[in-house]
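The data block below is structure16.pdb; it holds PDB, C-alpha atoms.
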```
ATOM      1  CA  MET P1167      93.745  82.974  97.073
ATOM      2  CA  SER P1168      94.224  86.710  97.260
ATOM      3  CA  ASN P1169      94.321  89.858  95.206
ATOM      4  CA  ALA P1170      96.475  92.948  95.682
ATOM      5  CA  SER P1171      94.787  96.297  96.111
ATOM      6  CA  ASN P1172      95.700  99.282  93.963
ATOM      7  CA  TRP P1173      97.321 100.825  97.019
ATOM      8  CA  LEU P1174      99.616  97.836  97.522
ATOM      9  CA  GLU P1175     100.484  97.577  93.829
ATOM     10  CA  THR P1176     101.582 101.215  93.773
ATOM     11  CA  ALA P1177     103.465 100.905  97.073
ATOM     12  CA  VAL P1178     105.415  97.854  95.863
ATOM     13  CA  LEU P1179     106.440  99.508  92.591
ATOM     14  CA  ASN P1180     107.474 102.710  94.344
ATOM     15  CA  HIS P1181     109.334 100.991  97.178
ATOM     16  CA  PHE P1182     111.302  98.418  95.205
ATOM     17  CA  PHE P1183     111.720 100.044  91.782
ATOM     18  CA  ARG P1184     111.573 103.821  92.275
ATOM     19  CA  ASN P1185     113.449 104.544  95.537
ATOM     20  CA  THR P1186     110.236 105.933  97.060
ATOM     21  CA  ALA P1187     109.949 104.120 100.361
ATOM     22  CA  THR P1188     106.755 102.974 102.044
ATOM     23  CA  ALA P1189     107.013 102.102 105.739
ATOM     24  CA  SER P1190     106.405  98.514 106.786
ATOM     25  CA  PRO P1191     102.999  98.409 108.579
ATOM     26  CA  ALA P1192     103.460  97.870 112.313
ATOM     27  CA  GLN P1193     100.202  95.929 112.641
ATOM     28  CA  LEU P1194      97.641  94.437 110.289
ATOM     29  CA  PHE P1195      93.938  93.841 110.785
ATOM     30  CA  LEU P1196      91.447  91.429 109.270
ATOM     31  CA  ALA P1197      88.286  93.083 107.997
ATOM     32  CA  LEU P1198      85.102  91.217 107.010
ATOM     33  CA  TYR P1199      83.008  92.128 103.979
ATOM     34  CA  THR P1200      79.647  91.222 102.542
ATOM     35  CA  THR P1201      80.729  92.323  99.046
ATOM     36  CA  ASN P1202      84.004  92.066  97.160
ATOM     37  CA  PRO P1203      86.468  94.741  98.340
ATOM     38  CA  THR P1204      87.957  94.971  94.799
ATOM     39  CA  ASP P1205      91.278  96.565  93.876
ATOM     40  CA  PHE P1206      89.670  99.953  94.502
ATOM     41  CA  ASP P1207      88.724  99.262  98.154
ATOM     42  CA  SER P1208      85.036  99.629  97.371
ATOM     43  CA  GLY P1209      83.575  96.630  99.216
ATOM     44  CA  MET P1210      80.852  96.761 101.863
ATOM     45  CA  GLU P1211      82.553  96.099 105.181
ATOM     46  CA  VAL P1212      80.540  94.732 108.092
ATOM     47  CA  SER P1213      79.571  97.462 110.571
ATOM     48  CA  GLY P1214      77.609  97.819 113.802
ATOM     49  CA  GLY P1215      76.522  95.099 116.190
ATOM     50  CA  GLY P1216      79.822  95.105 118.073
ATOM     51  CA  TYR P1217      81.903  94.453 114.952
ATOM     52  CA  VAL P1218      85.533  95.583 115.047
ATOM     53  CA  ARG P1219      88.476  94.505 112.927
ATOM     54  CA  GLN P1220      90.847  92.039 114.561
ATOM     55  CA  GLN P1221      94.629  91.866 114.454
ATOM     56  CA  ILE P1222      96.089  89.307 112.086
ATOM     57  CA  THR P1223      99.652  87.995 112.002
ATOM     58  CA  PHE P1224     101.395  85.939 109.348
ATOM     59  CA  GLY P1225     103.991  83.207 109.478
ATOM     60  CA  ALA P1226     107.167  83.055 107.417
ATOM     61  CA  PRO P1227     106.806  82.928 103.619
ATOM     62  CA  THR P1228     106.614  79.476 102.069
ATOM     63  CA  THR P1229     107.440  78.549  98.494
ATOM     64  CA  GLY P1230     105.269  76.748  95.989
ATOM     65  CA  THR P1231     105.664  76.100  92.279
ATOM     66  CA  GLY P1232     106.516  79.591  91.102
ATOM     67  CA  THR P1233     104.696  81.117  94.070
ATOM     68  CA  MET P1234     105.386  82.525  97.503
ATOM     69  CA  ALA P1235     102.737  82.735 100.222
ATOM     70  CA  VAL P1236     102.059  83.671 103.808
ATOM     71  CA  SER P1237      99.168  82.401 105.940
ATOM     72  CA  ASN P1238      97.722  83.694 109.178
ATOM     73  CA  ASN P1239      99.360  81.981 112.144
ATOM     74  CA  ASN P1240      96.927  83.229 114.775
ATOM     75  CA  SER P1241      93.372  82.262 115.624
ATOM     76  CA  ILE P1242      91.213  85.324 114.965
ATOM     77  CA  VAL P1243      88.175  85.735 117.202
ATOM     78  CA  PHE P1244      85.695  88.520 116.512
ATOM     79  CA  PRO P1245      83.425  89.899 119.256
ATOM     80  CA  LYS P1246      80.041  88.286 119.750
ATOM     81  CA  ALA P1247      77.511  90.017 117.529
ATOM     82  CA  THR P1248      75.177  92.261 119.526
ATOM     83  CA  ALA P1249      73.021  92.722 116.406
ATOM     84  CA  ASP P1250      72.857  91.078 113.002
ATOM     85  CA  TRP P1251      76.023  91.715 110.965
ATOM     86  CA  THR P1252      74.394  90.555 107.747
ATOM     87  CA  ALA P1253      71.009  91.203 106.210
ATOM     88  CA  SER P1254      68.671  88.325 105.420
ATOM     89  CA  ASN P1255      70.179  87.682 101.959
ATOM     90  CA  GLU P1256      73.799  88.403 102.870
ATOM     91  CA  THR P1257      76.787  86.457 104.156
ATOM     92  CA  VAL P1258      80.278  87.319 105.290
ATOM     93  CA  GLY P1259      81.803  86.225 102.003
ATOM     94  CA  PHE P1260      85.017  88.232 101.682
ATOM     95  CA  TRP P1261      87.998  89.353 103.714
ATOM     96  CA  GLY P1262      90.494  92.200 103.523
ATOM     97  CA  ILE P1263      93.860  92.889 105.146
ATOM     98  CA  ARG P1264      94.112  96.491 106.344
ATOM     99  CA  THR P1265      96.829  98.621 107.910
ATOM    100  CA  ALA P1266      94.723 100.051 110.751
ATOM    101  CA  MET P1267      91.855  99.121 113.043
ATOM    102  CA  LEU P1268      89.941 102.075 111.602
ATOM    103  CA  GLY P1269      90.476 103.460 108.121
ATOM    104  CA  GLY P1270      93.974 102.677 106.893
ATOM    105  CA  ASN P1271      94.845 101.113 103.558
ATOM    106  CA  LEU P1272      93.629  97.874 102.012
ATOM    107  CA  LEU P1273      96.595  95.631 101.174
ATOM    108  CA  ALA P1274      95.021  92.427  99.901
ATOM    109  CA  TYR P1275      91.636  90.775  99.770
ATOM    110  CA  GLY P1276      90.023  87.478  98.953
ATOM    111  CA  GLU P1277      86.912  85.351  99.100
ATOM    112  CA  PHE P1278      86.077  82.905 101.840
ATOM    113  CA  ALA P1279      85.821  79.580 100.044
ATOM    114  CA  SER P1280      85.750  75.988 101.197
ATOM    115  CA  GLU P1281      85.019  72.708  99.468
ATOM    116  CA  THR P1282      84.010  71.049 102.738
ATOM    117  CA  ALA P1283      82.398  73.732 104.932
ATOM    118  CA  ALA P1284      78.702  74.522 104.753
ATOM    119  CA  ASN P1285      77.748  77.245 102.273
ATOM    120  CA  GLY P1286      81.265  77.102 100.830
ATOM    121  CA  GLY P1287      82.648  78.884 103.876
ATOM    122  CA  LYS P1288      80.313  81.879 103.646
ATOM    123  CA  TYR P1289      78.081  82.527 106.656
ATOM    124  CA  ALA P1290      75.419  84.891 107.871
ATOM    125  CA  VAL P1291      76.390  86.386 111.234
ATOM    126  CA  LEU P1292      73.355  87.015 113.419
ATOM    127  CA  THR P1293      72.815  88.338 116.910
ATOM    128  CA  GLY P1294      74.680  86.210 119.429
ATOM    129  CA  ASP P1295      76.997  84.616 116.850
ATOM    130  CA  ARG P1296      80.767  84.754 117.190
ATOM    131  CA  TYR P1297      82.793  84.714 113.972
ATOM    132  CA  ASN P1298      86.164  82.942 114.161
ATOM    133  CA  VAL P1299      88.933  82.437 111.612
ATOM    134  CA  GLU P1300      91.296  79.563 112.285
ATOM    135  CA  PRO P1301      95.029  79.636 111.479
ATOM    136  CA  GLY P1302      95.883  78.996 107.844
ATOM    137  CA  ILE P1303      92.590  80.273 106.411
ATOM    138  CA  ILE P1304      93.813  83.665 105.165
ATOM    139  CA  ASN P1305      96.435  83.209 102.458
ATOM    140  CA  VAL P1306      98.313  85.928 100.597
ATOM    141  CA  ILE P1307      99.878  84.387  97.496
ATOM    142  CA  LEU P1308     102.310  85.985  95.042
ATOM    143  CA  SER P1309     103.057  84.602  91.600
ATOM    144  CA  GLY P1310     104.147  85.782  88.186
ATOM    145  CA  ARG P1311     107.487  87.110  87.001
ATOM    146  CA  ALA P1312     108.891  88.416  90.259
ATOM    147  CA  GLY P1313     112.064  86.811  91.519
ATOM    148  CA  THR P1314     112.024  84.783  94.711
ATOM    149  CA  TRP P1315     113.920  87.543  96.501
ATOM    150  CA  LEU P1316     111.296  90.165  95.617
ATOM    151  CA  GLN P1317     108.345  87.907  96.434
ATOM    152  CA  THR P1318     109.816  87.212  99.864
ATOM    153  CA  ALA P1319     110.656  90.880 100.408
ATOM    154  CA  ILE P1320     107.121  92.031  99.553
ATOM    155  CA  LEU P1321     105.523  89.577 101.967
ATOM    156  CA  ASN P1322     107.969  90.372 104.768
ATOM    157  CA  HIS P1323     107.848  94.138 104.342
ATOM    158  CA  PHE P1324     104.121  94.623 103.862
ATOM    159  CA  PHE P1325     102.612  91.677 105.770
ATOM    160  CA  ARG P1326     105.056  90.671 108.511
ATOM    161  CA  ASN P1327     106.468  93.970 109.875
ATOM    162  CA  THR P1328     109.932  92.900 108.751
ATOM    163  CA  PRO P1329     111.205  95.990 106.931
ATOM    164  CA  VAL P1330     113.188  95.537 103.727
ATOM    165  CA  THR P1331     115.313  98.451 102.538
ATOM    166  CA  ALA P1332     115.170  98.551  98.760
ATOM    167  CA  SER P1333     118.090  99.481  96.527
ATOM    168  CA  SER P1334     118.332 103.171  95.670
ATOM    169  CA  GLN P1335     118.886 102.231  92.008
ATOM    170  CA  VAL P1336     117.799  99.360  89.771
ATOM    171  CA  PHE P1337     119.485  98.074  86.631
ATOM    172  CA  LEU P1338     118.442  96.402  83.398
ATOM    173  CA  ALA P1339     120.239  93.132  82.638
ATOM    174  CA  LEU P1340     120.077  91.183  79.371
ATOM    175  CA  TYR P1341     119.716  87.394  79.186
ATOM    176  CA  THR P1342     119.920  84.674  76.584
ATOM    177  CA  THR P1343     117.805  82.286  78.701
ATOM    178  CA  ASP P1344     114.845  82.731  81.039
ATOM    179  CA  PRO P1345     116.025  84.002  84.456
ATOM    180  CA  THR P1346     113.068  82.250  86.171
ATOM    181  CA  VAL P1347     111.969  83.056  89.717
ATOM    182  CA  THR P1348     115.069  81.327  91.055
ATOM    183  CA  ASP P1349     117.496  83.573  89.126
ATOM    184  CA  ILE P1350     119.183  80.897  87.020
ATOM    185  CA  GLY P1351     119.183  82.645  83.634
ATOM    186  CA  VAL P1352     122.299  83.087  81.511
ATOM    187  CA  GLU P1353     123.182  86.775  81.430
ATOM    188  CA  ILE P1354     124.972  87.926  78.297
ATOM    189  CA  THR P1355     128.669  88.711  78.369
ATOM    190  CA  TYR P1356     130.937  90.655  76.056
ATOM    191  CA  PRO P1357     133.959  92.813  76.810
ATOM    192  CA  GLU P1358     132.035  96.089  76.937
ATOM    193  CA  TYR P1359     128.841  94.802  78.592
ATOM    194  CA  VAL P1360     127.588  96.314  81.831
ATOM    195  CA  ARG P1361     124.067  96.485  83.218
ATOM    196  CA  GLN P1362     122.403  99.841  82.665
ATOM    197  CA  LEU P1363     120.519 102.075  85.073
ATOM    198  CA  ALA P1364     116.718 101.879  84.687
ATOM    199  CA  THR P1365     114.730 104.926  85.779
ATOM    200  CA  PHE P1366     110.964 104.537  86.056
ATOM    201  CA  ALA P1367     108.153 107.076  85.967
ATOM    202  CA  ALA P1368     105.353 107.088  88.542
ATOM    203  CA  PRO P1369     102.925 104.146  88.490
ATOM    204  CA  GLU P1370      99.855 104.374  86.281
ATOM    205  CA  ASP P1371      96.727 102.257  86.103
ATOM    206  CA  PHE P1372      96.427 100.308  82.863
ATOM    207  CA  ALA P1373      93.595  97.837  82.316
ATOM    208  CA  GLY P1374      93.367  97.071  86.036
ATOM    209  CA  SER P1375      97.112  96.737  86.606
ATOM    210  CA  SER P1376      99.562  99.190  88.136
ATOM    211  CA  VAL P1377     102.331  99.829  85.626
ATOM    212  CA  ILE P1378     105.667 101.638  85.597
ATOM    213  CA  ARG P1379     107.655 102.380  82.441
ATOM    214  CA  ASN P1380     111.173 103.618  81.904
ATOM    215  CA  SER P1381     111.283 107.398  81.673
ATOM    216  CA  VAL P1382     114.795 107.605  80.176
ATOM    217  CA  ALA P1383     116.282 105.789  77.208
ATOM    218  CA  ILE P1384     118.518 102.845  78.154
ATOM    219  CA  ARG P1385     121.580 102.239  75.976
ATOM    220  CA  PHE P1386     124.091  99.418  76.268
ATOM    221  CA  PRO P1387     127.700  99.687  75.132
ATOM    222  CA  ILE P1388     128.341  98.720  71.507
ATOM    223  CA  PRO P1389     129.867  95.223  71.420
ATOM    224  CA  SER P1390     133.133  94.358  69.765
ATOM    225  CA  ILE P1391     131.957  90.779  69.131
ATOM    226  CA  ASN P1392     128.793  89.004  67.958
ATOM    227  CA  ILE P1393     126.500  88.130  70.886
ATOM    228  CA  GLY P1394     123.551  86.324  69.334
ATOM    229  CA  SER P1395     119.932  86.292  70.468
ATOM    230  CA  VAL P1396     118.882  88.270  73.541
ATOM    231  CA  ALA P1397     115.459  86.899  74.453
ATOM    232  CA  PHE P1398     114.933  87.970  78.092
ATOM    233  CA  PHE P1399     115.564  90.809  80.466
ATOM    234  CA  GLY P1400     115.797  91.168  84.217
ATOM    235  CA  ILE P1401     115.557  94.110  86.602
ATOM    236  CA  ARG P1402     118.243  93.802  89.256
ATOM    237  CA  SER P1403     119.076  95.643  92.457
ATOM    238  CA  ALA P1404     122.748  96.263  91.635
ATOM    239  CA  GLN P1405     125.011  96.813  88.658
ATOM    240  CA  THR P1406     126.901  93.665  89.600
ATOM    241  CA  GLY P1407     125.494  90.824  91.677
ATOM    242  CA  GLY P1408     122.450  91.991  93.618
ATOM    243  CA  SER P1409     118.996  90.427  93.567
ATOM    244  CA  LEU P1410     116.648  89.677  90.687
ATOM    245  CA  LEU P1411     113.502  91.773  91.108
ATOM    246  CA  ALA P1412     111.521  91.033  87.961
ATOM    247  CA  PHE P1413     112.031  89.365  84.587
ATOM    248  CA  ALA P1414     110.249  88.704  81.312
ATOM    249  CA  PRO P1415     110.857  87.805  77.679
ATOM    250  CA  TRP P1416     111.216  90.608  75.172
ATOM    251  CA  SER P1417     108.200  90.775  72.881
ATOM    252  CA  ILE P1418     110.651  90.031  70.046
ATOM    253  CA  ALA P1419     114.036  88.440  70.660
ATOM    254  CA  ARG P1420     116.806  90.543  69.167
ATOM    255  CA  ASN P1421     120.199  89.539  67.835
ATOM    256  CA  ILE P1422     123.144  91.640  68.958
ATOM    257  CA  SER P1423     125.963  91.735  66.476
ATOM    258  CA  PHE P1424     129.362  93.389  66.358
ATOM    259  CA  GLY P1425     128.942  97.176  66.215
ATOM    260  CA  MET P1426     125.188  97.121  67.023
ATOM    261  CA  GLU P1427     123.812  99.172  69.917
ATOM    262  CA  PHE P1428     121.102  97.571  72.040
ATOM    263  CA  SER P1429     118.789 100.301  73.328
ATOM    264  CA  VAL P1430     115.368 100.654  74.933
ATOM    265  CA  ASP P1431     113.436 103.825  74.164
ATOM    266  CA  PRO P1432     111.455 105.591  76.917
ATOM    267  CA  GLY P1433     108.212 103.810  77.759
ATOM    268  CA  LEU P1434     109.179 100.434  76.277
ATOM    269  CA  LEU P1435     110.440  98.764  79.476
ATOM    270  CA  GLU P1436     107.415  97.921  81.581
ATOM    271  CA  VAL P1437     106.887  96.396  85.008
ATOM    272  CA  SER P1438     103.321  95.708  86.118
ATOM    273  CA  ILE P1439     101.499  94.241  89.092
ATOM    274  CA  ASP P1440      97.951  92.919  88.995
TER     275      ASP P1440
END
```

Go through the file and emit its structure as structure tokens.
Amino acid sequence: MSNASNWLETAVLNHFFRNTATASPAQLFLALYTTNPTDFDSGMEVSGGGYVRQQITFGAPTTGTGTMAVSNNNSIVFPKATADWTASNETVGFWGIRTAMLGGNLLAYGEFASETAANGGKYAVLTGDRYNVEPGIINVILSGRAGTWLQTAILNHFFRNTPVTASSQVFLALYTTDPTVTDIGVEITYPEYVRQLATFAAPEDFAGSSVIRNSVAIRFPIPSINIGSVAFFGIRSAQTGGSLLAFAPWSIARNISFGMEFSVDPGLLEVSID
């Protein structure tokens, strides 16, 4: 399993929802840690004794039940330790994916864990040891209420050096049924209906998640017919067609009747990544 860093959360929201591009990293490197890197990139990375981060590459995204994932497709071999990498009570217990061999940004991190390996997959690395990571051990997994298109785009753009150009504008769409990750929801229709532009303010941290909220009120045309219950919304990459980026139920489903304006005040439309 994996967790997204604060840097990645902000970059994803800016790139795909705010027309503020972040370049696709040309190379990625696996870093080893003795403590949890955390969202804030505050872990204790191994240092000294010949340690140096190693390049990591990922295969094509694969789908699960509501998830999308990439796994390392290369065997990662670290240099032989010329001195102990871990103190007597420590192990290499965590990993991080970084954008540079030195410094750079933390994208994602996780814990080495195994039900079959000794010590649950956590090892002390002592003088003369060589630490290896076999293919398929490092997994970056996305889940939640992002559409399949966005999940795939995030993994390709940020983890596979396959740049994805995001739409310059995003639009709010209204649904009577759950769009789901596969974009099968029933979008409302009435003669005057058209998706409305959604403009988001800069990401903020809220309870450990990066959050963007609409900075401008969103108002839909007043209908000339009764619509019924609008229970879900989706953020899409185009006013017609396009790709589903994110979706969720409204906190309270609302009925739209003849002559009633459906509107969203500033700050009430929220997209978050944790």

Long-range neighbours of segment 1407-1409 of chain P as a PyMOL selection string, 12 Å cut-off, all atoms listed in the file, 5 positions minimum in chain: chain P and resi 1182+1312-1319+1332-1333+1335-1339+1345+1347-1350+1353+1360-1361+1400-1402

The PyMOL selection byres ((chain P and resi 1264-1279) around 10) on the file shown: which residues, as an MDAnalysis selection string? chainID P and resid 1167:1175 1177 1190:1209 1218:1222 1258:1263 1280:1289 1303:1307 1324:1325

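Minimum distance to Pro1357 of chain P across P:Pro1329, P:Gly1433, P:Pro1389, P:Gly1374 (counting all atoms listed in the file) occurs at P:Pro1389.
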
Can you work out the spacing between atom CA of Asn1421 of chain P and atom CA of Val1396 of chain P in Å, to one decimal?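 Distance between the two atoms: 6.0 Å.
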
Taking the file as I've supplied it (selection: the PyMOL selection byres ((chain P and resi 1238-1249) around 6)), which residues are included? Please answer as a ChimeraX atom specification. /P:1215-1216,1223-1225,1237,1250,1293-1302,1304

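Straight-line separation from atom CA of Arg1385 of chain P to atom CA of Ile1354 of chain P: 14.9 Å.
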
Pairwise distance for atom CA of Ile1393 of chain P and atom CA of Tyr1356 of chain P, rounded to one decimal in Å: 7.3 Å

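Selection check: the PyMOL selection byres ((chain P and resi 1416) around 10) on the shown file gives Leu1340, Tyr1341, Val1396, Ala1397, Phe1398, Phe1399, Phe1413, Ala1414, Pro1415, Ser1417, Ile1418, Ala1419, Arg1420 and Leu1435 of chain P.
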
Among listed residues P:Ala1189, P:Gly1310, P:Thr1231, P:Thr1252, nearest Arg1326 of chain P (using all atoms listed in the file): P:Ala1189

Could you name the residues that touch Asn1185 of chain P at 12 Å or less, counting all atoms listed in the file, but leaving out those on the same chain fewer than 2 positions away, as a ChimeraX atom specification? /P:1177-1183,1187-1188,1331-1336,1364-1368,1403

I'd like the box whose edges run along x, y and z of the file and which contains every listed atom of segment 1289-1305 of chain P, padded by 4 Å per side; could you state its centre and edge lengths in Å, one decimal, as AutoDock Vina command-line options?
```
--center_x 84.6 --center_y 83.7 --center_z 110.9 --size_x 31.6 --size_y 17.3 --size_z 25.0
```

Distance query Gly1230 of chain P at most 10 Å, only C-alpha atoms, self and fewer than 3 positions along chain excluded, as a PyMOL selection string: chain P and resi 1227+1233-1235+1307-1309

Near Val1430 of chain P, counting only C-alpha atoms, which residues have an atom at most 8 Å away, once you skip same-chain residues fewer than 2 positions from it, shown as a short mmCIF file (atom, residue, chain, number, x, y, z; two decimals) with C-alpha atoms, keeping the file's coordinate frame?
```
data_model
loop_
_atom_site.label_atom_id
_atom_site.label_comp_id
_atom_site.auth_asym_id
_atom_site.auth_seq_id
_atom_site.Cartn_x
_atom_site.Cartn_y
_atom_site.Cartn_z
CA ALA P 1383 116.28 105.79 77.21
CA ILE P 1384 118.52 102.84 78.15
CA ARG P 1385 121.58 102.24 75.98
CA PHE P 1428 121.10 97.57 72.04
CA PRO P 1432 111.46 105.59 76.92
CA LEU P 1434 109.18 100.43 76.28
CA LEU P 1435 110.44 98.76 79.48
#
```

From the list P:Ser1438, P:Thr1257, P:Ser1381, P:Thr1229, which residue is nearest Ala1412 of chain P when using all atoms listed in the file? P:Ser1438

Output file request: segment 1247-1264 of chain P, with N, CA and C atoms, as a CSV table (one decimal), in the first residue's frame.
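The resulting file, out29.csv, is reproduced below:
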```csv
chain,number,residue,atom,x,y,z
P,1247,ALA,N,26.7,-2.3,1.6
P,1247,ALA,CA,26.9,-1.4,2.7
P,1247,ALA,C,28.3,-1.4,3.1
P,1248,THR,N,29.0,-0.3,3.2
P,1248,THR,CA,30.4,-0.2,3.6
P,1248,THR,C,30.4,0.1,5.1
P,1249,ALA,N,29.3,0.4,5.7
P,1249,ALA,CA,29.1,0.6,7.2
P,1249,ALA,C,27.6,0.3,7.5
P,1250,ASP,N,27.3,0.1,8.7
P,1250,ASP,CA,25.9,-0.2,9.1
P,1250,ASP,C,25.0,0.9,8.6
P,1251,TRP,N,23.9,0.5,8.0
P,1251,TRP,CA,22.9,1.5,7.6
P,1251,TRP,C,21.9,1.7,8.7
P,1252,THR,N,21.8,0.8,9.6
P,1252,THR,CA,20.8,0.9,10.7
P,1252,THR,C,21.5,0.7,12.0
P,1253,ALA,N,21.0,1.4,13.0
P,1253,ALA,CA,21.5,1.2,14.3
P,1253,ALA,C,21.0,-0.1,14.9
P,1254,SER,N,21.4,-0.5,16.1
P,1254,SER,CA,21.1,-1.8,16.6
P,1254,SER,C,19.7,-2.1,16.8
P,1255,ASN,N,18.8,-1.1,17.0
P,1255,ASN,CA,17.4,-1.3,17.2
P,1255,ASN,C,16.6,-0.9,16.0
P,1256,GLU,N,17.2,-0.6,14.9
P,1256,GLU,CA,16.5,-0.1,13.7
P,1256,GLU,C,16.4,-1.1,12.6
P,1257,THR,N,15.5,-0.9,11.7
P,1257,THR,CA,15.4,-1.7,10.5
P,1257,THR,C,15.1,-0.7,9.3
P,1258,VAL,N,15.3,-1.2,8.1
P,1258,VAL,CA,14.8,-0.5,7.0
P,1258,VAL,C,13.3,-0.9,6.8
P,1259,GLY,N,12.5,0.0,7.3
P,1259,GLY,CA,11.1,-0.4,7.4
P,1259,GLY,C,10.1,0.3,6.5
P,1260,PHE,N,10.6,1.4,5.8
P,1260,PHE,CA,9.8,2.2,5.0
P,1260,PHE,C,10.5,2.6,3.7
P,1261,TRP,N,9.7,2.9,2.7
P,1261,TRP,CA,10.2,3.4,1.4
P,1261,TRP,C,9.6,4.6,1.0
P,1262,GLY,N,10.2,5.4,0.1
P,1262,GLY,CA,9.7,6.6,-0.5
P,1262,GLY,C,10.1,6.7,-1.9
P,1263,ILE,N,9.2,7.3,-2.8
P,1263,ILE,CA,9.5,7.5,-4.2
P,1263,ILE,C,9.8,9.0,-4.3
P,1264,ARG,N,11.0,9.3,-4.8
P,1264,ARG,CA,11.4,10.7,-4.9
P,1264,ARG,C,11.8,11.1,-6.4
```
